[in-house]
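Asker: As input, take input.cif (mmCIF, C-alpha atoms):
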```
data_my_file
loop_
_atom_site.label_atom_id
_atom_site.label_comp_id
_atom_site.auth_asym_id
_atom_site.auth_seq_id
_atom_site.Cartn_x
_atom_site.Cartn_y
_atom_site.Cartn_z
CA MET L 219 118.56 81.61 142.17
CA THR L 220 117.45 84.94 140.75
CA ARG L 221 118.62 84.19 137.20
CA ARG L 222 116.42 81.08 137.01
CA ALA L 223 113.52 83.04 138.54
CA ILE L 224 113.82 85.66 135.78
CA VAL L 225 113.89 82.99 133.05
CA ALA L 226 110.91 81.18 134.60
CA ALA L 227 108.96 84.44 134.92
CA ALA L 228 109.61 85.35 131.29
CA LEU L 229 108.55 81.89 130.07
CA LYS L 230 105.36 82.08 132.10
CA LEU L 231 104.43 85.50 130.69
CA LEU L 232 105.40 84.43 127.15
CA ASP L 233 102.89 81.61 127.19
CA GLU L 234 100.16 84.01 126.17
CA ARG L 235 101.96 86.68 124.15
CA SER L 236 104.92 87.59 122.04
CA PHE L 237 108.32 88.74 123.26
CA SER L 238 107.89 92.21 121.77
CA GLY L 239 104.90 92.75 124.06
CA LEU L 240 106.87 91.87 127.20
CA SER L 241 108.40 94.59 129.38
CA LEU L 242 111.36 94.27 131.74
CA ARG L 243 109.19 95.62 134.53
CA GLU L 244 106.60 92.87 134.11
CA VAL L 245 109.28 90.16 134.11
CA THR L 246 110.90 91.43 137.30
CA ARG L 247 107.52 91.87 139.00
CA GLU L 248 106.62 88.27 138.13
CA ALA L 249 110.04 87.12 139.38
CA GLY L 250 109.58 89.05 142.63
CA ILE L 251 112.62 91.30 142.26
CA VAL L 252 113.17 95.03 141.72
CA PRO L 253 113.59 96.10 138.04
CA GLY L 254 117.21 97.18 138.54
CA ALA L 255 118.22 93.68 139.71
CA PHE L 256 117.52 92.39 136.18
CA TYR L 257 120.77 93.89 134.90
CA ARG L 258 122.86 91.88 137.33
CA HIS L 259 121.89 88.81 135.28
CA PHE L 260 121.11 90.00 131.76
CA GLU L 261 122.43 92.87 129.69
CA SER L 262 119.03 93.54 128.09
CA MET L 263 115.67 91.95 127.32
CA GLU L 264 117.11 90.73 124.02
CA ALA L 265 119.94 88.99 125.89
CA LEU L 266 117.28 87.20 127.95
CA GLY L 267 115.55 86.20 124.70
CA LEU L 268 118.80 84.76 123.35
CA VAL L 269 119.25 82.68 126.53
CA LEU L 270 115.75 81.25 126.03
CA ILE L 271 116.66 80.32 122.44
CA ASP L 272 119.89 78.69 123.57
CA GLU L 273 118.09 76.67 126.25
CA SER L 274 115.43 75.58 123.74
CA PHE L 275 117.92 74.15 121.31
CA ARG L 276 120.45 72.81 123.82
CA ILE L 277 118.57 69.59 124.74
CA LEU L 278 117.81 68.89 121.08
CA ARG L 279 121.44 69.47 120.07
CA ASP L 280 122.79 67.34 122.94
CA MET L 281 120.43 64.47 122.17
CA LEU L 282 121.28 64.58 118.46
CA ARG L 283 125.00 64.59 119.23
CA GLY L 284 124.55 61.70 121.62
CA ALA L 285 122.70 59.78 118.94
CA ARG L 286 125.50 60.44 116.45
CA ALA L 287 128.19 59.35 118.91
CA GLY L 288 126.25 56.19 119.71
CA LYS L 289 125.86 55.37 116.03
CA LEU L 290 122.13 55.07 115.46
CA ASP L 291 120.83 51.79 114.10
CA PRO L 292 120.54 52.64 110.36
CA ASN L 293 117.26 50.73 110.16
CA ARG L 294 115.76 52.87 112.90
CA VAL L 295 117.35 56.20 112.06
CA ILE L 296 114.05 57.86 111.09
CA GLU L 297 112.16 56.54 114.13
CA SER L 298 114.99 57.53 116.50
CA SER L 299 115.30 61.03 115.05
CA VAL L 300 111.56 61.65 115.39
CA GLU L 301 111.67 60.33 118.97
CA ILE L 302 114.49 62.76 119.79
CA VAL L 303 112.52 65.72 118.40
CA VAL L 304 109.34 64.68 120.25
CA ALA L 305 111.21 64.13 123.54
CA SER L 306 113.17 67.37 123.46
CA VAL L 307 110.16 69.49 122.48
CA THR L 308 107.75 67.96 125.00
CA GLU L 309 110.42 68.32 127.72
CA ARG L 310 110.64 72.08 127.03
CA ARG L 311 107.15 72.88 125.89
CA GLU L 312 107.12 76.51 127.10
CA HIS L 313 110.45 77.13 125.39
CA TRP L 314 109.18 75.74 122.11
CA ARG L 315 105.99 77.74 122.22
CA PHE L 316 108.27 80.80 122.45
CA ILE L 317 110.42 79.52 119.53
CA GLY L 318 107.34 78.87 117.38
CA ARG L 319 106.11 82.39 117.96
CA GLU L 320 109.38 84.30 117.67
CA ARG L 321 110.52 82.42 114.57
CA SER L 322 108.44 84.92 112.59
CA SER L 323 108.33 87.75 115.13
CA GLY L 324 109.05 91.44 114.90
CA VAL L 325 112.13 91.17 117.14
CA THR L 326 114.83 90.91 114.48
CA VAL L 327 117.65 89.75 116.80
CA LEU L 328 115.60 86.80 118.03
CA ARG L 329 114.23 85.88 114.59
CA TYR L 330 117.73 85.74 113.15
CA ALA L 331 119.10 83.77 116.12
CA ILE L 332 116.35 81.15 115.72
CA ARG L 333 116.89 80.87 111.98
CA THR L 334 120.61 80.44 112.54
CA GLU L 335 119.95 77.59 114.98
CA PHE L 336 117.75 75.87 112.38
CA ARG L 337 120.33 76.49 109.67
CA LEU L 338 122.98 74.94 111.91
CA LEU L 339 120.81 71.86 112.49
CA THR L 340 120.27 71.59 108.72
CA SER L 341 123.96 71.88 107.98
CA GLU L 342 124.88 69.23 110.57
CA LEU L 343 122.20 66.93 109.16
CA ALA L 344 123.54 67.41 105.61
CA THR L 345 126.97 66.32 106.89
CA ASP L 346 125.43 63.22 108.48
CA LEU L 347 123.55 62.42 105.29
CA ALA L 348 126.74 62.69 103.22
CA ARG L 349 128.05 59.61 105.00
CA PHE L 350 125.01 57.45 104.19
CA PRO L 351 125.49 54.75 101.57
CA GLY L 352 123.88 55.91 98.33
CA LEU L 353 124.00 59.57 99.38
CA ASN L 354 127.76 60.03 99.40
CA ALA L 355 127.69 60.69 95.64
CA TRP L 356 125.10 63.47 95.96
CA SER L 357 126.00 67.10 95.35
CA THR L 358 126.24 69.33 98.43
CA ASP L 359 123.35 71.36 97.07
CA ASP L 360 121.09 68.30 96.85
CA LEU L 361 122.12 67.13 100.33
CA ASN L 362 121.13 70.55 101.64
CA VAL L 363 117.75 70.40 99.90
CA LEU L 364 117.13 67.00 101.49
CA ALA L 365 118.31 68.14 104.94
CA THR L 366 116.05 71.22 104.64
CA LEU L 367 113.09 68.99 103.80
CA PHE L 368 113.75 66.90 106.91
CA VAL L 369 114.28 69.88 109.21
CA ASN L 370 111.19 71.66 107.87
CA SER L 371 109.11 68.57 108.53
CA MET L 372 110.46 68.47 112.07
CA ILE L 373 109.66 72.18 112.62
CA VAL L 374 106.07 71.43 111.68
CA VAL L 375 106.11 68.46 114.09
CA ALA L 376 107.42 70.70 116.88
CA GLU L 377 104.63 73.19 116.20
CA ALA L 378 101.97 70.48 116.24
CA LEU L 379 103.30 69.17 119.57
CA GLU L 380 102.68 72.57 121.19
CA ASP L 381 98.95 72.02 120.95
CA ALA L 382 99.00 68.27 121.69
CA GLN L 383 97.33 67.78 125.06
CA SER L 384 97.31 63.99 125.47
CA ALA L 385 99.73 61.10 125.10
CA ASP L 386 97.51 59.80 122.28
CA ALA L 387 97.77 63.08 120.39
CA ILE L 388 101.57 63.04 120.75
CA GLU L 389 101.72 59.44 119.56
CA GLU L 390 99.64 60.31 116.49
CA ILE L 391 101.99 63.18 115.62
CA ARG L 392 104.97 60.85 116.04
CA ILE L 393 103.50 58.20 113.72
CA THR L 394 102.59 60.77 111.04
CA ALA L 395 106.08 62.30 111.23
CA VAL L 396 107.75 58.91 110.74
CA LYS L 397 105.48 58.24 107.76
CA GLN L 398 106.31 61.65 106.23
CA LEU L 399 110.05 61.12 106.51
CA ARG L 400 109.77 57.59 105.11
CA MET L 401 107.72 58.95 102.22
CA ILE L 402 110.46 61.48 101.46
CA VAL L 403 113.04 58.69 101.44
CA ILE L 404 111.07 56.26 99.30
CA GLY L 405 109.31 58.89 97.23
CA VAL L 406 105.81 59.02 95.87
CA THR L 407 106.72 56.92 92.87
CA GLY L 408 108.11 54.11 95.02
CA TRP L 409 105.53 54.29 97.83
CA ARG L 410 103.22 51.30 98.27
CA SER L 411 100.16 52.57 100.05
CA SER L 412 98.39 50.25 102.45
CA PRO L 413 94.99 51.10 103.90
CA MET N 282 86.59 104.08 101.56
CA THR N 283 86.93 103.86 105.33
CA ARG N 284 86.89 100.06 105.47
CA ARG N 285 89.91 99.83 103.15
CA ALA N 286 91.66 102.55 105.15
CA ILE N 287 91.20 100.54 108.36
CA VAL N 288 92.56 97.38 106.72
CA ALA N 289 95.54 99.28 105.27
CA ALA N 290 96.26 100.95 108.63
CA ALA N 291 96.19 97.59 110.44
CA LEU N 292 98.52 95.98 107.87
CA LYS N 293 100.95 98.86 108.16
CA LEU N 294 101.07 98.64 111.96
CA LEU N 295 101.29 94.82 111.85
CA ASP N 296 104.46 94.95 109.80
CA GLU N 297 106.48 95.40 112.97
CA ARG N 298 104.47 93.62 115.65
CA SER N 299 101.91 91.01 116.47
CA PHE N 300 98.14 91.36 116.35
CA SER N 301 97.80 90.93 120.13
CA GLY N 302 99.89 94.09 120.58
CA LEU N 303 97.63 96.16 118.35
CA SER N 304 94.90 98.37 119.82
CA LEU N 305 91.74 99.56 118.12
CA ARG N 306 92.70 103.13 119.02
CA GLU N 307 96.04 102.87 117.20
CA VAL N 308 94.39 101.45 114.10
CA THR N 309 91.78 104.19 113.90
CA ARG N 310 94.40 106.90 114.57
CA GLU N 311 96.53 105.52 111.71
CA ALA N 312 93.43 105.36 109.47
CA GLY N 313 92.55 108.96 110.37
CA ILE N 314 89.12 108.22 111.85
CA VAL N 315 87.60 108.41 115.33
CA PRO N 316 87.70 105.16 117.34
CA GLY N 317 83.91 104.78 117.36
CA ALA N 318 83.80 104.72 113.54
CA PHE N 319 85.62 101.37 113.61
CA TYR N 320 82.44 99.57 114.63
CA ARG N 321 80.57 100.70 111.57
CA HIS N 322 82.88 98.39 109.56
CA PHE N 323 84.02 95.65 111.93
CA GLU N 324 82.39 94.01 114.93
CA SER N 325 85.68 93.72 116.82
CA MET N 326 89.45 93.66 116.36
CA GLU N 327 89.23 89.89 115.93
CA ALA N 328 86.73 90.36 113.10
CA LEU N 329 89.27 92.64 111.41
CA GLY N 330 91.91 89.92 111.90
CA LEU N 331 89.65 87.36 110.23
CA VAL N 332 89.16 89.67 107.24
CA LEU N 333 92.94 89.92 106.87
CA ILE N 334 93.19 86.12 106.92
CA ASP N 335 90.45 85.80 104.32
CA GLU N 336 92.14 88.35 102.04
CA SER N 337 95.50 86.57 102.42
CA PHE N 338 94.17 83.23 101.29
CA ARG N 339 91.69 84.47 98.70
CA ILE N 340 94.18 85.13 95.87
CA LEU N 341 95.92 81.81 96.54
CA ARG N 342 92.62 79.93 96.56
CA ASP N 343 91.39 81.67 93.38
CA MET N 344 94.63 80.99 91.52
CA LEU N 345 94.64 77.33 92.58
CA ARG N 346 91.02 76.92 91.49
CA GLY N 347 91.80 78.58 88.17
CA ALA N 348 94.69 76.19 87.67
CA ARG N 349 92.44 73.22 88.40
CA ALA N 350 89.73 74.40 86.03
CA GLY N 351 92.31 74.98 83.29
CA LYS N 352 93.76 71.50 83.75
CA LEU N 353 97.42 72.06 84.53
CA ASP N 354 99.95 70.40 82.25
CA PRO N 355 100.79 67.25 84.25
CA ASN N 356 104.46 67.62 83.31
CA ARG N 357 104.57 71.11 84.78
CA VAL N 358 102.25 70.64 87.73
CA ILE N 359 105.02 71.14 90.34
CA GLU N 360 106.49 74.20 88.60
CA SER N 361 103.05 75.75 88.12
CA SER N 362 102.02 75.16 91.73
CA VAL N 363 105.20 76.75 93.06
CA GLU N 364 104.70 79.71 90.71
CA ILE N 365 101.18 80.19 92.04
CA VAL N 366 102.39 80.19 95.65
CA VAL N 367 105.23 82.62 94.86
CA ALA N 368 102.94 84.96 92.90
CA SER N 369 100.15 85.06 95.47
CA VAL N 370 102.50 85.58 98.41
CA THR N 371 104.64 88.26 96.78
CA GLU N 372 101.47 90.05 95.66
CA ARG N 373 100.27 90.25 99.28
CA ARG N 374 103.51 90.42 101.18
CA GLU N 375 102.15 92.39 104.17
CA HIS N 376 99.26 89.98 104.50
CA TRP N 377 101.60 86.99 104.54
CA ARG N 378 103.91 88.52 107.08
CA PHE N 379 100.81 88.76 109.29
CA ILE N 380 99.86 85.12 108.52
CA GLY N 381 103.38 83.90 109.31
CA ARG N 382 103.33 85.63 112.66
CA GLU N 383 99.77 84.84 113.75
CA ARG N 384 100.00 81.18 112.73
CA SER N 385 101.60 80.57 116.13
CA SER N 386 100.26 83.61 117.97
CA GLY N 387 98.53 84.06 121.26
CA VAL N 388 95.25 85.14 119.62
CA THR N 389 93.43 81.81 119.58
CA VAL N 390 90.65 82.83 117.15
CA LEU N 391 93.17 83.89 114.51
CA ARG N 392 95.49 80.91 115.04
CA TYR N 393 92.62 78.49 114.54
CA ALA N 394 91.31 80.35 111.50
CA ILE N 395 94.74 80.20 109.84
CA ARG N 396 95.16 76.51 110.61
CA THR N 397 91.73 75.83 109.20
CA GLU N 398 92.67 77.60 105.96
CA PHE N 399 95.81 75.46 105.69
CA ARG N 400 93.83 72.32 106.52
CA LEU N 401 91.36 73.22 103.78
CA LEU N 402 94.18 73.69 101.25
CA THR N 403 95.60 70.30 102.31
CA SER N 404 92.26 68.58 101.95
CA GLU N 405 91.65 70.06 98.50
CA LEU N 406 95.14 69.03 97.43
CA ALA N 407 94.55 65.45 98.66
CA THR N 408 91.43 65.35 96.47
CA ASP N 409 93.44 66.55 93.47
CA LEU N 410 96.15 63.98 94.16
CA ALA N 411 93.57 61.17 94.33
CA ARG N 412 92.90 61.68 90.62
CA PHE N 413 96.54 61.33 89.58
CA PRO N 414 97.50 58.12 87.81
CA GLY N 415 99.38 55.91 90.25
CA LEU N 416 97.92 57.70 93.27
CA ASN N 417 94.29 56.69 92.82
CA ALA N 418 94.98 53.40 94.62
CA TRP N 419 96.47 55.13 97.69
CA SER N 420 94.66 55.17 101.01
CA THR N 421 93.07 58.46 102.07
CA ASP N 422 95.43 58.55 105.02
CA ASP N 423 98.51 58.32 102.78
CA LEU N 424 97.13 60.93 100.38
CA ASN N 425 96.70 63.26 103.35
CA VAL N 426 100.27 62.64 104.53
CA LEU N 427 101.53 63.50 101.04
CA ALA N 428 99.32 66.59 100.76
CA THR N 429 100.53 67.73 104.20
CA LEU N 430 104.14 67.32 103.08
CA PHE N 431 103.47 69.51 100.03
CA VAL N 432 101.55 72.17 101.96
CA ASN N 433 104.17 72.29 104.74
CA SER N 434 106.90 72.80 102.15
CA MET N 435 104.88 75.63 100.64
CA ILE N 436 104.36 77.25 104.07
CA VAL N 437 108.12 77.30 104.50
CA VAL N 438 108.45 78.81 101.01
CA ALA N 439 105.93 81.53 101.90
CA GLU N 440 107.90 82.32 105.06
CA ALA N 441 111.17 82.52 103.16
CA LEU N 442 109.59 84.89 100.62
CA GLU N 443 108.77 87.37 103.40
CA ASP N 444 112.44 88.13 103.81
CA ALA N 445 113.38 87.94 100.13
CA GLN N 446 114.32 91.43 99.01
CA SER N 447 115.40 90.94 95.39
CA ALA N 448 114.15 89.17 92.27
CA ASP N 449 117.22 86.92 92.47
CA ALA N 450 116.40 85.87 96.03
CA ILE N 451 112.81 85.06 94.99
CA GLU N 452 114.06 83.05 92.01
CA GLU N 453 116.39 81.05 94.25
CA ILE N 454 113.53 80.22 96.61
CA ARG N 455 111.39 79.15 93.65
CA ILE N 456 114.07 76.83 92.26
CA THR N 457 114.73 75.23 95.68
CA ALA N 458 111.00 74.73 96.22
CA VAL N 459 110.61 72.97 92.86
CA LYS N 460 113.56 70.73 93.69
CA GLN N 461 112.11 69.88 97.11
CA LEU N 462 108.75 68.89 95.68
CA ARG N 463 110.40 66.85 92.92
CA MET N 464 112.52 65.12 95.54
CA ILE N 465 109.38 64.20 97.49
CA VAL N 466 107.85 62.75 94.32
CA ILE N 467 110.90 60.78 93.19
CA GLY N 468 112.20 60.02 96.67
CA VAL N 469 115.71 59.87 98.00
CA THR N 470 116.19 56.31 96.79
CA GLY N 471 115.28 57.22 93.20
CA TRP N 472 116.96 60.63 93.09
CA ARG N 473 119.88 61.05 90.72
CA SER N 474 121.92 63.91 92.04
CA SER N 475 123.72 66.10 89.53
CA PRO N 476 126.25 68.72 90.63
#
```
Transcribe the structure of this file into structure tokens.

Answerer:
Amino acid sequence: MTRRAIVAAALKLLDERSFSGLSLREVTREAGIVPGAFYRHFESMEALGLVLIDESFRILRDMLRGARAGKLDPNRVIESSVEIVVASVTERREHWRFIGRERSSGVTVLRYAIRTEFRLLTSELATDLARFPGLNAWSTDDLNVLATLFVNSMIVVAEALEDAQSADAIEEIRITAVKQLRMIVIGVTGWRSSP
Amino acid sequence: MTRRAIVAAALKLLDERSFSGLSLREVTREAGIVPGAFYRHFESMEALGLVLIDESFRILRDMLRGARAGKLDPNRVIESSVEIVVASVTERREHWRFIGRERSSGVTVLRYAIRTEFRLLTSELATDLARFPGLNAWSTDDLNVLATLFVNSMIVVAEALEDAQSADAIEEIRITAVKQLRMIVIGVTGWRSSP
């Protein structure tokens, strides 16, 4: 299917450079089609970029929604959330390399779309947190600060995974991420360090 | 001075795109010199990139060292640290836009140099933390997790500052950052939310 071929070609070329440096001609050449055929599938290069963003976040969103519907074990909520992030990022590694780069890119449309996706994740997380015992009395502002802390930590995890080459490296990132989130929950003052 | 003109020209051109999309010829044209003159000041484009990284981190490093030497008020250590980050990033906004973009760029030399700078900041912070009462019994591993949490939060703050256009927007970022760091210290379980 030509549409998939265009997406795959773009992802391949984006592995080594930023979206702003990518031309329509290069993408169609890589996909093995004539330049004009591009417009049968995408309105513009930016529209293609937005599809890549949507695909990147879709697995993550679906897995998080599934976890919510299935009512996560409250004692394993941190571990399960980290596992979801690790699984969805490693499953779409090329996509997430693109996200990591374009998050602070010169292409305004893409940068804003990515930030909106992260803001949406943060907002949904704040809503989840509001239902937790002990947190239901928190102000909305404080819930958002906490949700932002969690999402930011997960963005850093996603970035670290990009460069992780082995199963061991991925496992180390996972363990550190769980520890970070636990530390946020318990806090420095309540943390009992063990060597 | 030609060297400064080259740096300024590169920063100006980098405002809108990534380093990998920048050619030596464009930089020298913008600086108003002939291409060959570039090599009297820099070995290569990558060497120029490394100078930009060094300049970006230098103010931050100097301010943090000054704060350490002057023995920060322990009751204001979070506020003061956030103020230092805000001041050094807003003072070199173009530099930090470049850092934000190249942190996950295709130019391997620059990406590694930036990560090394952040790793160095993290390591120095872990050493500082080791001296704090209550933290001196923590394992090195846990101190590093905590330092990473702090540095990651500050990276996100630096990124947010890039897009902050007004003094009000900057102030809002500063207040949120202080709250985030306090929340990490006190922890979710110990946090008393006020509306």

Asker: Extract, using only C-alpha atoms, all DNA, RNA and protein residues at most 9 Å from Arg235 in chain L, discarding same-chain residues fewer than 3 positions from it, and format them as an NGL selection string.

Answerer: (:L and (231-232 or 238-240 or 316 or 319)) or (:N and (299 or 301-302 or 386-388))

Asker: Rotate and translate chain N onto chain L via least squares on all in-order Cα pairs, then write the result as a short mmCIF file (atom, residue, chain, number, x, y, z; two decimals) with C-alpha atoms, keeping the file's coordinate frame.

Answerer:
```
data_model
loop_
_atom_site.label_atom_id
_atom_site.label_comp_id
_atom_site.auth_asym_id
_atom_site.auth_seq_id
_atom_site.Cartn_x
_atom_site.Cartn_y
_atom_site.Cartn_z
CA MET N 282 118.57 81.61 142.18
CA THR N 283 117.46 84.94 140.73
CA ARG N 284 118.61 84.18 137.19
CA ARG N 285 116.42 81.06 137.02
CA ALA N 286 113.52 83.01 138.52
CA ILE N 287 113.81 85.64 135.77
CA VAL N 288 113.89 82.97 133.05
CA ALA N 289 110.89 81.17 134.59
CA ALA N 290 108.95 84.44 134.93
CA ALA N 291 109.61 85.34 131.28
CA LEU N 292 108.53 81.88 130.06
CA LYS N 293 105.35 82.08 132.09
CA LEU N 294 104.43 85.50 130.68
CA LEU N 295 105.41 84.43 127.14
CA ASP N 296 102.90 81.60 127.18
CA GLU N 297 100.17 84.01 126.16
CA ARG N 298 101.95 86.68 124.13
CA SER N 299 104.92 87.61 122.04
CA PHE N 300 108.33 88.73 123.25
CA SER N 301 107.91 92.22 121.76
CA GLY N 302 104.92 92.74 124.07
CA LEU N 303 106.89 91.86 127.18
CA SER N 304 108.41 94.57 129.38
CA LEU N 305 111.37 94.25 131.71
CA ARG N 306 109.20 95.63 134.52
CA GLU N 307 106.60 92.87 134.09
CA VAL N 308 109.27 90.18 134.11
CA THR N 309 110.90 91.44 137.29
CA ARG N 310 107.51 91.89 139.00
CA GLU N 311 106.61 88.28 138.13
CA ALA N 312 110.04 87.12 139.38
CA GLY N 313 109.56 89.07 142.62
CA ILE N 314 112.62 91.31 142.25
CA VAL N 315 113.17 95.03 141.68
CA PRO N 316 113.59 96.09 138.04
CA GLY N 317 117.21 97.17 138.53
CA ALA N 318 118.21 93.67 139.68
CA PHE N 319 117.52 92.39 136.16
CA TYR N 320 120.77 93.88 134.89
CA ARG N 321 122.86 91.89 137.31
CA HIS N 322 121.89 88.79 135.28
CA PHE N 323 121.11 89.98 131.76
CA GLU N 324 122.43 92.86 129.68
CA SER N 325 119.04 93.53 128.08
CA MET N 326 115.67 91.94 127.32
CA GLU N 327 117.11 90.72 124.02
CA ALA N 328 119.94 88.99 125.90
CA LEU N 329 117.29 87.19 127.96
CA GLY N 330 115.55 86.19 124.70
CA LEU N 331 118.80 84.74 123.36
CA VAL N 332 119.24 82.68 126.53
CA LEU N 333 115.75 81.24 126.03
CA ILE N 334 116.66 80.31 122.45
CA ASP N 335 119.89 78.68 123.57
CA GLU N 336 118.08 76.66 126.26
CA SER N 337 115.42 75.56 123.74
CA PHE N 338 117.92 74.14 121.30
CA ARG N 339 120.43 72.80 123.81
CA ILE N 340 118.58 69.58 124.74
CA LEU N 341 117.82 68.89 121.07
CA ARG N 342 121.44 69.47 120.07
CA ASP N 343 122.78 67.32 122.94
CA MET N 344 120.41 64.46 122.16
CA LEU N 345 121.27 64.57 118.45
CA ARG N 346 124.99 64.58 119.22
CA GLY N 347 124.53 61.67 121.61
CA ALA N 348 122.69 59.76 118.91
CA ARG N 349 125.50 60.42 116.44
CA ALA N 350 128.20 59.34 118.88
CA GLY N 351 126.27 56.16 119.68
CA LYS N 352 125.87 55.32 116.00
CA LEU N 353 122.14 55.05 115.45
CA ASP N 354 120.82 51.79 114.06
CA PRO N 355 120.53 52.63 110.34
CA ASN N 356 117.24 50.73 110.15
CA ARG N 357 115.75 52.87 112.89
CA VAL N 358 117.36 56.19 112.06
CA ILE N 359 114.05 57.87 111.09
CA GLU N 360 112.16 56.54 114.13
CA SER N 361 114.99 57.51 116.48
CA SER N 362 115.29 61.02 115.05
CA VAL N 363 111.56 61.65 115.39
CA GLU N 364 111.67 60.33 118.97
CA ILE N 365 114.48 62.75 119.79
CA VAL N 366 112.53 65.71 118.40
CA VAL N 367 109.35 64.68 120.25
CA ALA N 368 111.21 64.12 123.53
CA SER N 369 113.17 67.37 123.46
CA VAL N 370 110.16 69.49 122.50
CA THR N 371 107.75 67.96 125.00
CA GLU N 372 110.40 68.32 127.71
CA ARG N 373 110.62 72.07 127.04
CA ARG N 374 107.13 72.87 125.88
CA GLU N 375 107.11 76.51 127.08
CA HIS N 376 110.43 77.13 125.40
CA TRP N 377 109.16 75.75 122.10
CA ARG N 378 105.98 77.75 122.21
CA PHE N 379 108.27 80.79 122.44
CA ILE N 380 110.42 79.51 119.53
CA GLY N 381 107.35 78.88 117.37
CA ARG N 382 106.11 82.39 117.94
CA GLU N 383 109.39 84.30 117.67
CA ARG N 384 110.52 82.43 114.55
CA SER N 385 108.44 84.93 112.57
CA SER N 386 108.34 87.75 115.11
CA GLY N 387 109.05 91.42 114.90
CA VAL N 388 112.13 91.17 117.14
CA THR N 389 114.83 90.90 114.49
CA VAL N 390 117.65 89.75 116.81
CA LEU N 391 115.61 86.79 118.04
CA ARG N 392 114.24 85.87 114.60
CA TYR N 393 117.74 85.72 113.16
CA ALA N 394 119.09 83.75 116.12
CA ILE N 395 116.34 81.14 115.72
CA ARG N 396 116.89 80.85 111.98
CA THR N 397 120.59 80.44 112.56
CA GLU N 398 119.93 77.58 114.99
CA PHE N 399 117.74 75.87 112.39
CA ARG N 400 120.33 76.50 109.68
CA LEU N 401 122.97 74.94 111.92
CA LEU N 402 120.80 71.85 112.50
CA THR N 403 120.27 71.60 108.72
CA SER N 404 123.96 71.88 107.99
CA GLU N 405 124.87 69.24 110.57
CA LEU N 406 122.20 66.94 109.17
CA ALA N 407 123.54 67.41 105.61
CA THR N 408 126.96 66.32 106.90
CA ASP N 409 125.43 63.22 108.48
CA LEU N 410 123.54 62.42 105.29
CA ALA N 411 126.74 62.71 103.22
CA ARG N 412 128.05 59.61 104.99
CA PHE N 413 125.03 57.46 104.17
CA PRO N 414 125.52 54.77 101.54
CA GLY N 415 123.89 55.93 98.32
CA LEU N 416 124.00 59.58 99.36
CA ASN N 417 127.77 60.04 99.39
CA ALA N 418 127.71 60.72 95.63
CA TRP N 419 125.11 63.50 95.95
CA SER N 420 126.01 67.13 95.36
CA THR N 421 126.24 69.36 98.43
CA ASP N 422 123.35 71.38 97.06
CA ASP N 423 121.09 68.32 96.86
CA LEU N 424 122.12 67.14 100.32
CA ASN N 425 121.14 70.56 101.65
CA VAL N 426 117.75 70.41 99.91
CA LEU N 427 117.13 67.01 101.50
CA ALA N 428 118.30 68.16 104.94
CA THR N 429 116.05 71.23 104.65
CA LEU N 430 113.09 68.99 103.81
CA PHE N 431 113.75 66.90 106.93
CA VAL N 432 114.28 69.90 109.22
CA ASN N 433 111.18 71.69 107.88
CA SER N 434 109.09 68.58 108.54
CA MET N 435 110.45 68.47 112.08
CA ILE N 436 109.66 72.18 112.63
CA VAL N 437 106.07 71.44 111.70
CA VAL N 438 106.11 68.47 114.10
CA ALA N 439 107.41 70.70 116.90
CA GLU N 440 104.62 73.20 116.21
CA ALA N 441 101.98 70.50 116.25
CA LEU N 442 103.30 69.19 119.58
CA GLU N 443 102.68 72.59 121.19
CA ASP N 444 98.96 72.03 120.95
CA ALA N 445 98.99 68.30 121.70
CA GLN N 446 97.32 67.80 125.06
CA SER N 447 97.30 64.02 125.49
CA ALA N 448 99.71 61.10 125.10
CA ASP N 449 97.50 59.82 122.27
CA ALA N 450 97.76 63.11 120.38
CA ILE N 451 101.57 63.06 120.76
CA GLU N 452 101.70 59.45 119.55
CA GLU N 453 99.64 60.33 116.48
CA ILE N 454 101.99 63.19 115.63
CA ARG N 455 104.97 60.86 116.04
CA ILE N 456 103.51 58.21 113.72
CA THR N 457 102.60 60.79 111.04
CA ALA N 458 106.08 62.31 111.24
CA VAL N 459 107.74 58.92 110.75
CA LYS N 460 105.50 58.25 107.76
CA GLN N 461 106.31 61.65 106.24
CA LEU N 462 110.05 61.13 106.52
CA ARG N 463 109.77 57.60 105.12
CA MET N 464 107.73 58.96 102.24
CA ILE N 465 110.47 61.50 101.49
CA VAL N 466 113.05 58.70 101.47
CA ILE N 467 111.08 56.26 99.32
CA GLY N 468 109.31 58.90 97.25
CA VAL N 469 105.80 59.02 95.91
CA THR N 470 106.71 56.91 92.89
CA GLY N 471 108.10 54.10 95.04
CA TRP N 472 105.54 54.28 97.85
CA ARG N 473 103.26 51.30 98.32
CA SER N 474 100.20 52.57 100.09
CA SER N 475 98.45 50.22 102.49
CA PRO N 476 95.07 51.08 104.00
#
```

Asker: Can you give me, as a count of residues only, the residues this file yields under the PyMOL selection byres ((chain N and resi 307) around 12)?

Answerer: 24

Asker: Can you check which residues of chain N have any atom within 7 Å of chain L? Use only C-alpha atoms and format it as a list in words.

Answerer: Glu297, Arg298, Gly302, Gly381, Arg382, Ser385, Ser386, Gly387, Trp419, Ser420, Asp423, Val426, Leu430, Gln461, Ile465, Val466, Ile467, Gly468, Val469, Thr470, Ser474, Ser475 and Pro476 of chain N

Asker: Any idea what the distance is between CA of Glu335 in chain L and CA of Asp272 in chain L?

Answerer: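 Taking CA of Glu335 in chain L and CA of Asp272 in chain L, their separation equals 8.7 Å.
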
Asker: Please compute the CA of Leu329 in chain N-CA of Leu328 in chain L distance, one decimal, in Å.

Answerer: 27.8 Å

Asker: Using all atoms listed in the file - which residues lie no farther than 9 Å from the point (117.3, 64.5, 121.8) in the file's frame? Write them as an MDAnalysis selection string.

Answerer: chainID L and resid 277:285 299 301:307
